[in-house]
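**Q** Mind having a look at this structure? Questions to follow.
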Amino acid sequence: MRIGFYICHCGTNIAGTIDAAAVRDFAAELPGVAVSRDYKYMCSDPGQEMIVQDIRDNKLDRLVVAACSPSLHEETFRKAAAKGGMNSFFFQMVNIREHNAWVHEDKAAATQKAKDQVRAAITRVRFHKALEKKSVPVNANVLVVGGGIAGIHAALTLANAGKTVTLVERDSTIGGHMALFDKTFPTLDCAACILTPKMSAVKNHPNITLWTYSEVSKVEGYVGNYKVTVKRKTRYIKEDLCVGCLDCIEACVFKEPKFRDDFNQGLSKRKPVYMSFPQATPKLVTIDPETCIQLKTGKCRKSCAEACDRKAIDFELKDEMKELEVGAIILATGFSAFDPKRHAYYGYGRYPNVYSALEVERLVNASGPTNGEVVLRDGKHPKAIGIIHCVGSRDEHTNKWCSRVCCMYSLKLAHLLKEHTGAEIYDFYIDMRTPGKTYEEFYDRLLQEGVHFIRGRVAEVNDWAMTPEEEGKLVIRVEDTLAGFVRRIPVDMVVLSQGLEARKDAGDVRRLFNIGCGTEGFFQERHPKLAPVSTFADGIFIAGACQGPKDIPDTVAQAGAAAAEALALVDAGHVELEPNTSHVVEEECCGCKSCVPLCPYSAISFDEAKKKASINEVLCKGCGVCAAACPSGSIRQNLFEDEELFGEIEGVLS
Amino acid sequence: MPEKPKVAFYWCASCGGCEEAVVDLAEDILGVVNAVDIVLWPVAMDFKKKDIEARPDKSITVSFINGAIRTTEQEEWVRLLRRKSQFVISFGACANSGGIPGLANQFTREQILKFSYEDSPSVSNEAKTRPQASCQDEGHALSLPTLHNVVRSLDQVIEVEYTLPGCPPTPKLIAGAVTALLSGKLPPKGTVLSPDIALCEECPRKDSKPADLALAEFKRPHSSPIDPEKCLLAQGFTCMGPATRSGCEALCVKGNMPCTGCFGPTSRVRDQGAKYVSSVVSNIVPKDEAGIDAVLAGIPDPIGTFYRYGMPKSILRRKVDLS
Amino acid sequence: MSEKRRFEPKIVAFFCNWCTYTAADLAGVSRIKYAPNARVIRVMCSGRVDPQFILDAFAKGADGVLLGGCHPGDCHYAEGNYKTLRRMRLLERMLKGMGIEDGRFRLEWISGAEGDKVKVVINDMVEKVRALGPLDLPGRAKGWDKELEALAHGVRKSEDKKEPTHA
C-alpha cells in the first residue's frame, strides 16, 4: 500500500493553530505512507495538481487529505484522485479545521488531536474499496410547493425553460402574502399591478399545472425520482365548470356575510361560499365546510347550487389523492407574521385601535374592506398614528432575529397612512435598517415628509390618560433614546410592525421533505453562502421566506436561483448517487429477516426463493442501520464497513 | 506399517459434556480408535503428565482440548500439550470463548472463593478454611493448583489451529474434523469447523418468522408456554440463532428451547452479545425511553443472557472494574 | 515541587453526518471554543453505530464514548435514531453491569443548528470523565494478564528441573 498524505494550512486558518509540519512528519512515519506533504491551500489548483502528480509519480494507491470539513471539499479531492488515475473512493478526508483548528486554542493539544485524526484516517483508508457512483435517470418534471411570489416566480422560470411544473398551493388562490399588500417599498408600485400578471401567467402557462386548495401529504423516492402524493381538497365546486361569476355568493342563504374573512385579516366578513379577492387565481369560488349549512347539517335549500346555471356546485365531491413523479422539488412555503397578542403590553386584541401591520395593509388597500379609507374600528378617522417597530423581532423573549422587512414596510405604511389620513405619524424604532438599493433614500424621503421618528423601544401602549390631551387616546410610553427622556405620545391608532417567523407547521413540512430547520424554525440551507437554496436532501430546494425573512426582491432572486438549481439537475438527465449504500452478502446471509423491518425506505426485501434478504441499492439511502443491526455481520455499508470503522477507532486511540 | 497418528484429549474448566460428545461418536469411535493412537485421555485412560513430558516436541499429531483456562494446572497442561502437538483443536464453547465458566469474569477470584467456601447457602465451613496452594503434611510438601483471577479461552493462552464450536460440538462436526485431520485435507489455519453462517439458515422454524418482528415484550422459557412450531424470537424469546454460527442443526430449537448462542458468532462479528443486542433491540416497538425500558425489563440479565458462552472472548473480556 | 499533570480524558465521538457532525462544523465556523479531548468519527446515521464500536473504543483506550444523533423525530433517515436509542438503552445497562461507570458513555441529540450544544456537551463530558479518572482498559488488561506471565515463567522453571508439578 502506498498512501499519500497531505495537510492543508488553509492560510493561517489551520496552520495558525496546528503545527502542520509536525503533523506532516508524524504521518510520514505511519505504516504505508509513501508521501507526506503540507501546503498552503490544498484546494487550490496547485494543491490539487500536486496530488495528481504524486499519484502518478509515486504510484500512490490511497489518498488522505487533512483540511476542512468533507462537506466542503471532499468532492474536490475525490476528483483530484480520479484525475491522477486513482479510484475516487480510495480517499479519506480529515476535518482539522472546523473540528479542530477553529475550535481549540491550545496549540499543542490541537496538534496532538490532528495527529490522532490523521492516524485514524490513514488506518481506515487501507480498508477502502474501489467504488463507483451509480448514475440514475432524472425525471425532468418539477414540483413547486407554495404559490406566493417565490413559488410563482420559480414555477414560471422553469416553465419558460420548457419544464413541466406542478405548483401546489394550500390556499384557495395563489398570490401569498404579496397579494395582501397595497403598495410595495421602496418604489411604491402597486402590488396587485405587478403580481396579478404573474398569477395569470401561471394559470395560463401550458407547462404549469396549478393545484390550489391542495397539500402535499407524502414524499417518497430520492433525488431525480421523487414520488409525491398531493391531497386535493374539494371546494365542492366542479373546477372545470365554474367561471367565477360569483352568482352563487349572491344567492347564498346567508343574505349578509357573517364569517371571518381571513384574506382581509378579519376586518370584514364573508359568506360560506367565497372567493378570497377579485383577482384570485384560479378564479374559482370555494365553499367552506366549516360554515356552510348544507355541508354541516345537510339541511339547506342550496340556493347557491340553484343559482349556478352551469351546475358547478356539487356537495357530494370528495377530496382526491393525486400522485406525481418529479425530479426536483422547490419549497416556497413562506412565513407567518408574528402574532402581536404575544406582546400583551402593546394592547393588541385589547384596544380595538391597535392594529397589526397586515391589517393596515388591507386597510390602506384600495380593494380592501374599506376601499382604502383608513377608518378605525370605532368608526373614527385617526389624527395621530404610532407605528411600533420590532414587534416579535430582536427580542430575547420572543424572536431574537431581525425580520429584515419591518423597517422598510413601516416606512411604507407611514407614507401611505400619512397620504390617506393626513395624520401625524410617530414611528418608533430601535435601529433604522434600510440596507437595499434605494432603501435609504426612501427613509430620507419619509424624513422630509414630516414623519416623527423616535428612537426607542416602546414600553407600553395603554389608555390611561394622565393629561386632558390624553383623554380618549392610546398612549405610547417610550424612552426616547436620542432625547434622553421618557415620553408619552397620545395617538388614535397604533400599528404594530410584526416580525416574520417560520410557519407553525414548518416542522411537519420539513419532516415530510426530509430537510432541516435551524433553531429559529426556518428551513436550513445546505450552506449559508455557497449553497443558499439547496438543502441536505439532494433535489430539494428552498426559496423565499421559508428559508428566513426576506423582502420581495430577495425572494424573487432566490426563487430564480432555486429554479436554476432545479433546472441544472433535471436538465442533466441523470444524477450520480453517493455509493455509501448497503448490500447483503448473499452467501453469508442466514435469512433471519432482522434487517427487513429496519429500513424506513423499504429497500430491504426478503427473497422467498433464496430465503435471503436483499437490498435495492437505488432505494437505499445509505444510513447503515441495517449494517449495524445484521446479527451475523452479513450486511456491508460501502465507505462505512466494519473494518473501516474499527480501523478509525483504533487509529484515534493508538 | 506406518505409525498411527497420535491423538490427545484433554479437559480444562468444563462440565465433561465435551468428553461425552466424543463418546457420542458411538460406533464411529471405533474407527477413530483404530486409526489413531490415543496418548492422553484423562477421563477414560490412565496417563500421567510425565508420559507427555517425556514425548518429543510435536510428536502428538493433534490435541483436542476442551474447557476454559482458569487454574494454574490447566495452564501448565495446555502449554505442555501445545509444545508436544502439531495441531491443537480448541474443542467446545468453554475452550473457544470461556463458556459457562467464563461468566466468572464478572467476579474476582476473592469474591468467588469467599462465596464458594464461606457464603454459599449450602456451605458449612465455620473455620472458613480455604484450599491452600501449598502446605506441609507430616513432613511432605503438598501443592494444589491455584485459581486464576481471570477466566480465559484456550486461544488466549496458547495458539490453536482450529476451533470446534458448540456446547458440546456435535458428533457430526467432530467426525468431520477428525476425518479432515486424518485425510490431511486441512482448511486454512484459524478456521472454525462449522458453517460461517448463522443458525436461522438451518432452523426448521425459519419460514414461520415474520418479516416484521415488532417485539412488544420479551419472555423467558421457564415462565412462558412455548409454541413448538413458531419462530422463537417472534414469540418474544431471546433466541440467539440469528447471531450464532450454525452447524448444530438447531438442536435446541428442535427441543423447543431458544438458541443460547453456544456456537459463538460468525467470523464477521467480534462480540456476539453486542451484535445480538444491536439486532434484536432495534426491532422492538416503542420509540420513547420509558416504553423502551419497559420492554427491555423483560431481559433482566442481559450480560448473562447474551454472553452466556462468550464473556472472556467478548470485547471487554471481563467486568472492567475488578482488580 | 512539580505539579501533577492534569488527566486529559480521551473521548471517542461518533457523530451522525446530518445533525451532530454538521453541528460540530457549525461550531467551527462560529469559532466556538471547546475542550480538545474528543475525536470525531463520522457515520451517516447514529443508527450505523454498532454497540461493538462503543465497546471496542473502550477496549482500545477511550475514557469516554459520545454518540451524537439527530433529535427524535428529526432523523435524516426518518427513524435511524430510534434504533440507536433502543440499542443504547440496553447497552447502557450492560456497560454498568460490566463495571463502566455512568457518564463514560453518553448519547446526545444535537441538531445541525446546535453548534453551541457541541461545546456544552463535550466540555461537560470531559469534566465528568476527568472526575471519574482514566478507564485505561488496555492497561487494565495488561494487569489482568500478568498472572499468565508469572505462570509461563513457572512452567519453564519446572520443566527445566524436569520435575512435574501436578500429576
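The chains in the C-alpha cells are called A, B, ... from first to last as shown; in each chain the residues are counted from 1, and the ligands are counted from 1 in the order shown.
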Quick one: which residues from chain B are at most 9 Å off chain C, using only C-alpha atoms, as JSON, numbers by chain?

**A** {"B": [48, 49, 50, 53, 72, 73, 75, 76, 79, 80, 106, 143, 144, 145, 148, 149, 150, 157, 269, 270, 271, 272, 273, 274, 275, 277, 278, 279, 280, 281, 282, 283, 284, 286, 287, 288, 289, 292, 293, 296, 301, 302, 303, 315, 316, 317, 318, 319, 320, 321, 322, 323]}

**Q** Just the selected residues (N, CA and C atoms), exported as a compact mmCIF listing (two decimals), in the first residue's frame, please.

**A**
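What follows is the written file selection12.txt:
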# COMPACT_ATOMS: atom_id res chain seq x y z
N LYS B 48 -0.04 -40.23 32.69
CA LYS B 48 0.48 -39.24 33.62
C LYS B 48 1.12 -38.11 32.84
N LYS B 49 1.24 -37.00 33.51
CA LYS B 49 1.84 -35.84 32.88
C LYS B 49 3.26 -36.15 32.43
N LYS B 50 3.96 -36.95 33.24
CA LYS B 50 5.35 -37.23 32.88
C LYS B 50 5.44 -38.02 31.58
N GLU B 53 5.36 -35.35 29.05
CA GLU B 53 6.61 -34.58 29.08
C GLU B 53 7.75 -35.36 28.46
N THR B 72 -3.96 -22.73 37.40
CA THR B 72 -2.55 -22.85 37.03
C THR B 72 -2.28 -24.22 36.41
N GLU B 73 -2.97 -25.24 36.91
CA GLU B 73 -2.76 -26.58 36.38
C GLU B 73 -3.18 -26.66 34.92
N GLU B 75 -3.39 -24.29 32.85
CA GLU B 75 -2.48 -23.52 32.02
C GLU B 75 -1.20 -24.30 31.75
N GLU B 76 -0.67 -24.94 32.77
CA GLU B 76 0.53 -25.76 32.58
C GLU B 76 0.31 -26.85 31.54
N ARG B 79 -0.05 -25.57 27.93
CA ARG B 79 1.24 -25.14 27.39
C ARG B 79 2.09 -26.36 27.02
N LEU B 80 1.98 -27.35 27.87
CA LEU B 80 2.72 -28.57 27.60
C LEU B 80 2.23 -29.23 26.31
N GLN B 106 -17.27 -11.98 35.81
CA GLN B 106 -17.96 -10.86 36.45
C GLN B 106 -17.53 -10.69 37.90
N SER B 143 1.18 -29.63 47.13
CA SER B 143 0.79 -28.40 46.42
C SER B 143 -0.51 -28.63 45.67
N LEU B 144 -1.26 -27.57 45.53
CA LEU B 144 -2.51 -27.59 44.77
C LEU B 144 -2.45 -26.49 43.72
N PRO B 145 -3.11 -26.73 42.60
CA PRO B 145 -3.18 -25.64 41.62
C PRO B 145 -3.96 -24.46 42.22
N HIS B 148 -6.96 -18.94 38.76
CA HIS B 148 -6.63 -17.65 38.16
C HIS B 148 -7.68 -16.63 38.54
N ASN B 149 -7.29 -15.40 38.47
CA ASN B 149 -8.22 -14.31 38.72
C ASN B 149 -9.16 -14.11 37.52
N VAL B 150 -8.68 -14.47 36.34
CA VAL B 150 -9.41 -14.22 35.09
C VAL B 150 -9.59 -15.55 34.37
N VAL B 157 -4.42 -18.27 25.74
CA VAL B 157 -3.26 -18.78 26.48
C VAL B 157 -2.24 -19.41 25.55
N VAL B 269 -18.21 -11.13 13.12
CA VAL B 269 -18.66 -10.44 14.34
C VAL B 269 -17.60 -10.62 15.42
N ARG B 270 -17.28 -9.50 16.09
CA ARG B 270 -16.27 -9.57 17.14
C ARG B 270 -16.88 -9.84 18.50
N ASP B 271 -18.12 -9.42 18.69
CA ASP B 271 -18.71 -9.51 20.01
C ASP B 271 -20.17 -9.95 19.83
N GLN B 272 -20.38 -11.21 20.10
CA GLN B 272 -21.68 -11.80 19.82
C GLN B 272 -22.80 -11.11 20.59
N GLY B 273 -22.57 -10.83 21.86
CA GLY B 273 -23.62 -10.22 22.67
C GLY B 273 -24.00 -8.84 22.18
N ALA B 274 -22.98 -8.02 21.91
CA ALA B 274 -23.25 -6.65 21.45
C ALA B 274 -23.98 -6.66 20.12
N LYS B 275 -23.58 -7.57 19.26
CA LYS B 275 -24.18 -7.61 17.93
C LYS B 275 -25.63 -8.08 18.02
N VAL B 277 -27.59 -7.64 20.57
CA VAL B 277 -28.33 -6.51 21.12
C VAL B 277 -28.67 -5.53 19.99
N SER B 278 -27.67 -5.25 19.17
CA SER B 278 -27.86 -4.30 18.08
C SER B 278 -29.02 -4.72 17.19
N SER B 279 -29.10 -6.02 16.98
CA SER B 279 -30.13 -6.52 16.07
C SER B 279 -31.50 -6.59 16.74
N VAL B 280 -31.55 -7.29 17.86
CA VAL B 280 -32.87 -7.62 18.40
C VAL B 280 -33.52 -6.40 19.03
N VAL B 281 -32.73 -5.54 19.65
CA VAL B 281 -33.31 -4.39 20.33
C VAL B 281 -33.77 -3.34 19.32
N SER B 282 -33.13 -3.31 18.14
CA SER B 282 -33.59 -2.41 17.07
C SER B 282 -35.03 -2.73 16.69
N ASN B 283 -35.39 -3.98 16.90
CA ASN B 283 -36.69 -4.44 16.41
C ASN B 283 -37.80 -4.41 17.44
N ILE B 284 -37.59 -3.73 18.56
CA ILE B 284 -38.70 -3.60 19.49
C ILE B 284 -39.59 -2.44 19.06
N PRO B 286 -41.43 0.20 20.94
CA PRO B 286 -41.51 1.59 21.43
C PRO B 286 -40.39 2.47 20.89
N LYS B 287 -40.68 3.78 20.89
CA LYS B 287 -39.70 4.76 20.42
C LYS B 287 -39.30 5.72 21.54
N ASP B 288 -39.96 5.63 22.66
CA ASP B 288 -39.64 6.54 23.76
C ASP B 288 -38.92 5.77 24.86
N GLU B 289 -38.17 6.51 25.67
CA GLU B 289 -37.30 5.87 26.65
C GLU B 289 -38.08 4.98 27.62
N ILE B 292 -39.34 1.90 25.84
CA ILE B 292 -38.22 1.01 25.52
C ILE B 292 -37.77 0.28 26.79
N ASP B 293 -37.62 1.03 27.88
CA ASP B 293 -37.17 0.41 29.13
C ASP B 293 -38.16 -0.65 29.61
N LEU B 296 -37.52 -3.69 27.61
CA LEU B 296 -36.22 -4.27 27.94
C LEU B 296 -36.17 -4.83 29.37
N ASP B 301 -31.26 -10.01 32.84
CA ASP B 301 -29.81 -10.20 32.94
C ASP B 301 -29.20 -10.25 31.54
N PRO B 302 -29.08 -9.08 30.90
CA PRO B 302 -28.59 -9.10 29.52
C PRO B 302 -27.18 -9.67 29.39
N ILE B 303 -26.35 -9.42 30.38
CA ILE B 303 -24.97 -9.91 30.27
C ILE B 303 -24.95 -11.43 30.34
N ILE B 315 -15.49 -8.30 23.68
CA ILE B 315 -14.55 -7.20 23.53
C ILE B 315 -14.01 -6.74 24.89
N LEU B 316 -14.87 -6.69 25.90
CA LEU B 316 -14.41 -6.22 27.21
C LEU B 316 -13.74 -7.33 28.02
N ARG B 317 -13.98 -8.57 27.69
CA ARG B 317 -13.40 -9.75 28.33
C ARG B 317 -13.92 -10.01 29.74
N ARG B 318 -14.14 -8.94 30.49
CA ARG B 318 -14.31 -9.13 31.92
C ARG B 318 -14.93 -7.85 32.48
N LYS B 319 -15.61 -8.00 33.59
CA LYS B 319 -16.09 -6.80 34.30
C LYS B 319 -14.85 -5.95 34.57
N VAL B 320 -14.89 -4.70 34.09
CA VAL B 320 -13.61 -3.99 33.95
C VAL B 320 -13.09 -3.38 35.26
N ASP B 321 -13.99 -3.24 36.25
CA ASP B 321 -13.53 -2.57 37.46
C ASP B 321 -13.03 -3.57 38.50
N LEU B 322 -12.83 -4.83 38.07
CA LEU B 322 -12.29 -5.81 39.00
C LEU B 322 -10.77 -5.72 39.01
N SER B 323 -10.20 -6.07 40.16
CA SER B 323 -8.73 -5.97 40.23
C SER B 323 -8.10 -7.10 39.40

**Q** Residues of chain A within 8 Å of chain C, counting only C-alpha atoms, what are they? List them as an MDAnalysis selection string.

**A** chainID A and resid 69 97:100 102:105 109:110 113 116:117 511 514:519 536 600 621:629 640 645:646 648:650 652:654

**Q** Pick out the residues sitting within 12 Å of C:Ala131, and hand them over as a PyMOL selection string; count only C-alpha atoms, and ignore anything fewer than 3 positions along from it in its own chain.

**A** chain C and resi 6-9+63-64+101-104+124-128+134-135

**Q** Just the residues within 8 Å of stretch 177-186 of chain B, please, counting only C-alpha atoms, with nothing from its chain fewer than 5 positions along; format it as a PDB file with C-alpha atoms, in the first residue's frame.

**A**
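The resulting file, selection-v9.pdb, is reproduced below:
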ATOM      1  CA  PRO B   5      -1.236 -40.560  14.265  1.00  0.00           C
ATOM      2  CA  VAL B  32     -11.233 -43.398  15.163  1.00  0.00           C
ATOM      3  CA  LEU B 164     -14.776 -26.835  17.001  1.00  0.00           C
ATOM      4  CA  LEU B 193     -15.000 -26.016  11.792  1.00  0.00           C
TER       5      LEU B 193
END

**Q** Calculate how many Å separate atom CA of A:Gln92 from atom CA of A:Thr581, rounding to one decimal.

**A** 17.0 Å

**Q** Residues of chain A that have any atom at most 6 Å from an atom of chain B: could you tabulate them with the shortest-distance atom pair and the distance in Å to one decimal, using only C-alpha atoms, ordered by chain and increasing number, as a Markdown table?

**A**
| residue | atom | partner | partner_atom | distance |
| --- | --- | --- | --- | --- |
| A:Glu588 | CA | B:Ile197 | CA | 5.4 |
| A:Cys590 | CA | B:Glu201 | CA | 4.4 |
| A:Cys592 | CA | B:Cys200 | CA | 5.8 |
| A:Lys593 | CA | B:Ala211 | CA | 5.8 |
| A:Pro597 | CA | B:Asp212 | CA | 5.2 |
| A:Ala629 | CA | B:Ser279 | CA | 4.2 |
| A:Cys630 | CA | B:Ser279 | CA | 5.9 |
| A:Pro631 | CA | B:Ala243 | CA | 4.5 |
| A:Ser632 | CA | B:Ala243 | CA | 5.1 |
| A:Gly633 | CA | B:Arg268 | CA | 5.1 |

**Q** Which residue is closest to C:Lys117? Choose from C:Phe15, C:Cys70, C:Val129, C:Thr20 and count only C-alpha atoms.

**A**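 For C:Lys117, the nearest of the candidates is C:Thr20.
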
**Q** Could you name the residues that touch A:Val253 at 12 Å or less, counting only C-alpha atoms, but leaving out those on the same chain fewer than 5 positions away, as a list in words?

**A**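 Contacts, with the query itself left out: Cys248, Lys258, Lys271, Pro272, Val273, Thr291, Cys292, Ile293, Gln294, Lys299, Cys300, Arg301, Lys302, Ser303, Cys304, Ala305, Glu306 and Ala307 of chain A.
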
**Q** I'd like the neighbourhood of stretch 12-23 of chain A as a list in words, where a residue qualifies if any of its atoms comes within 9 Å (using only C-alpha atoms), though same-chain residues fewer than 5 positions away should be ignored.

**A** Ile7, Ala28, Arg37, Asp38, Tyr39, Lys40, Ala67, Cys68, Ile96, Arg97, Asn100, Ala101, Trp102, His104, Glu105, Asp106, Lys107, Ala108, Ala109, Ala110, Thr111, Gln112, Ala114, Lys115 and Val118 of chain A

**Q** Using backbone DSSP assignments, extract all alpha helix (DSSP H) residues from stretch 375-436 of chain A; output them as an MDAnalysis selection string.

**A** chainID A and resid 406:421

**Q** Provide the atom CA of A:Leu500 to atom CA of A:Phe335 distance in Å, to one decimal place.

**A** 6.3 Å

**Q** Neighbours of A:Ser135 within 7 Å (only C-alpha atoms; same-chain residues fewer than 2 positions away dropped), as a list of chain:residue names?

**A**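 That gives A:Lys133, A:Pro137, A:His574, A:Val575, A:Glu576, A:Leu577.
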
**Q** Once DSSP has gone over the backbone, tell me which residues of stretch 49-181 of chain B are in strand (DSSP E or B), as an NGL selection string.

**A** :B and (60-66 or 68-71 or 85-91 or 134-137 or 140-143 or 147-152 or 162-164)

**Q** Which is closest to B:Gly304 among B:Val78, B:Val39, B:Val7, B:Leu103, if we use only C-alpha atoms?

**A**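 The closest residue to B:Gly304 is B:Leu103.
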
**Q** Ranking A:Ala459, A:Ala609, A:Ala564, A:Ile542 by minimum distance to A:Arg477 and counting only C-alpha atoms, which one comes first?

**A**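 Distance minimum relative to A:Arg477 lands on A:Ala459.
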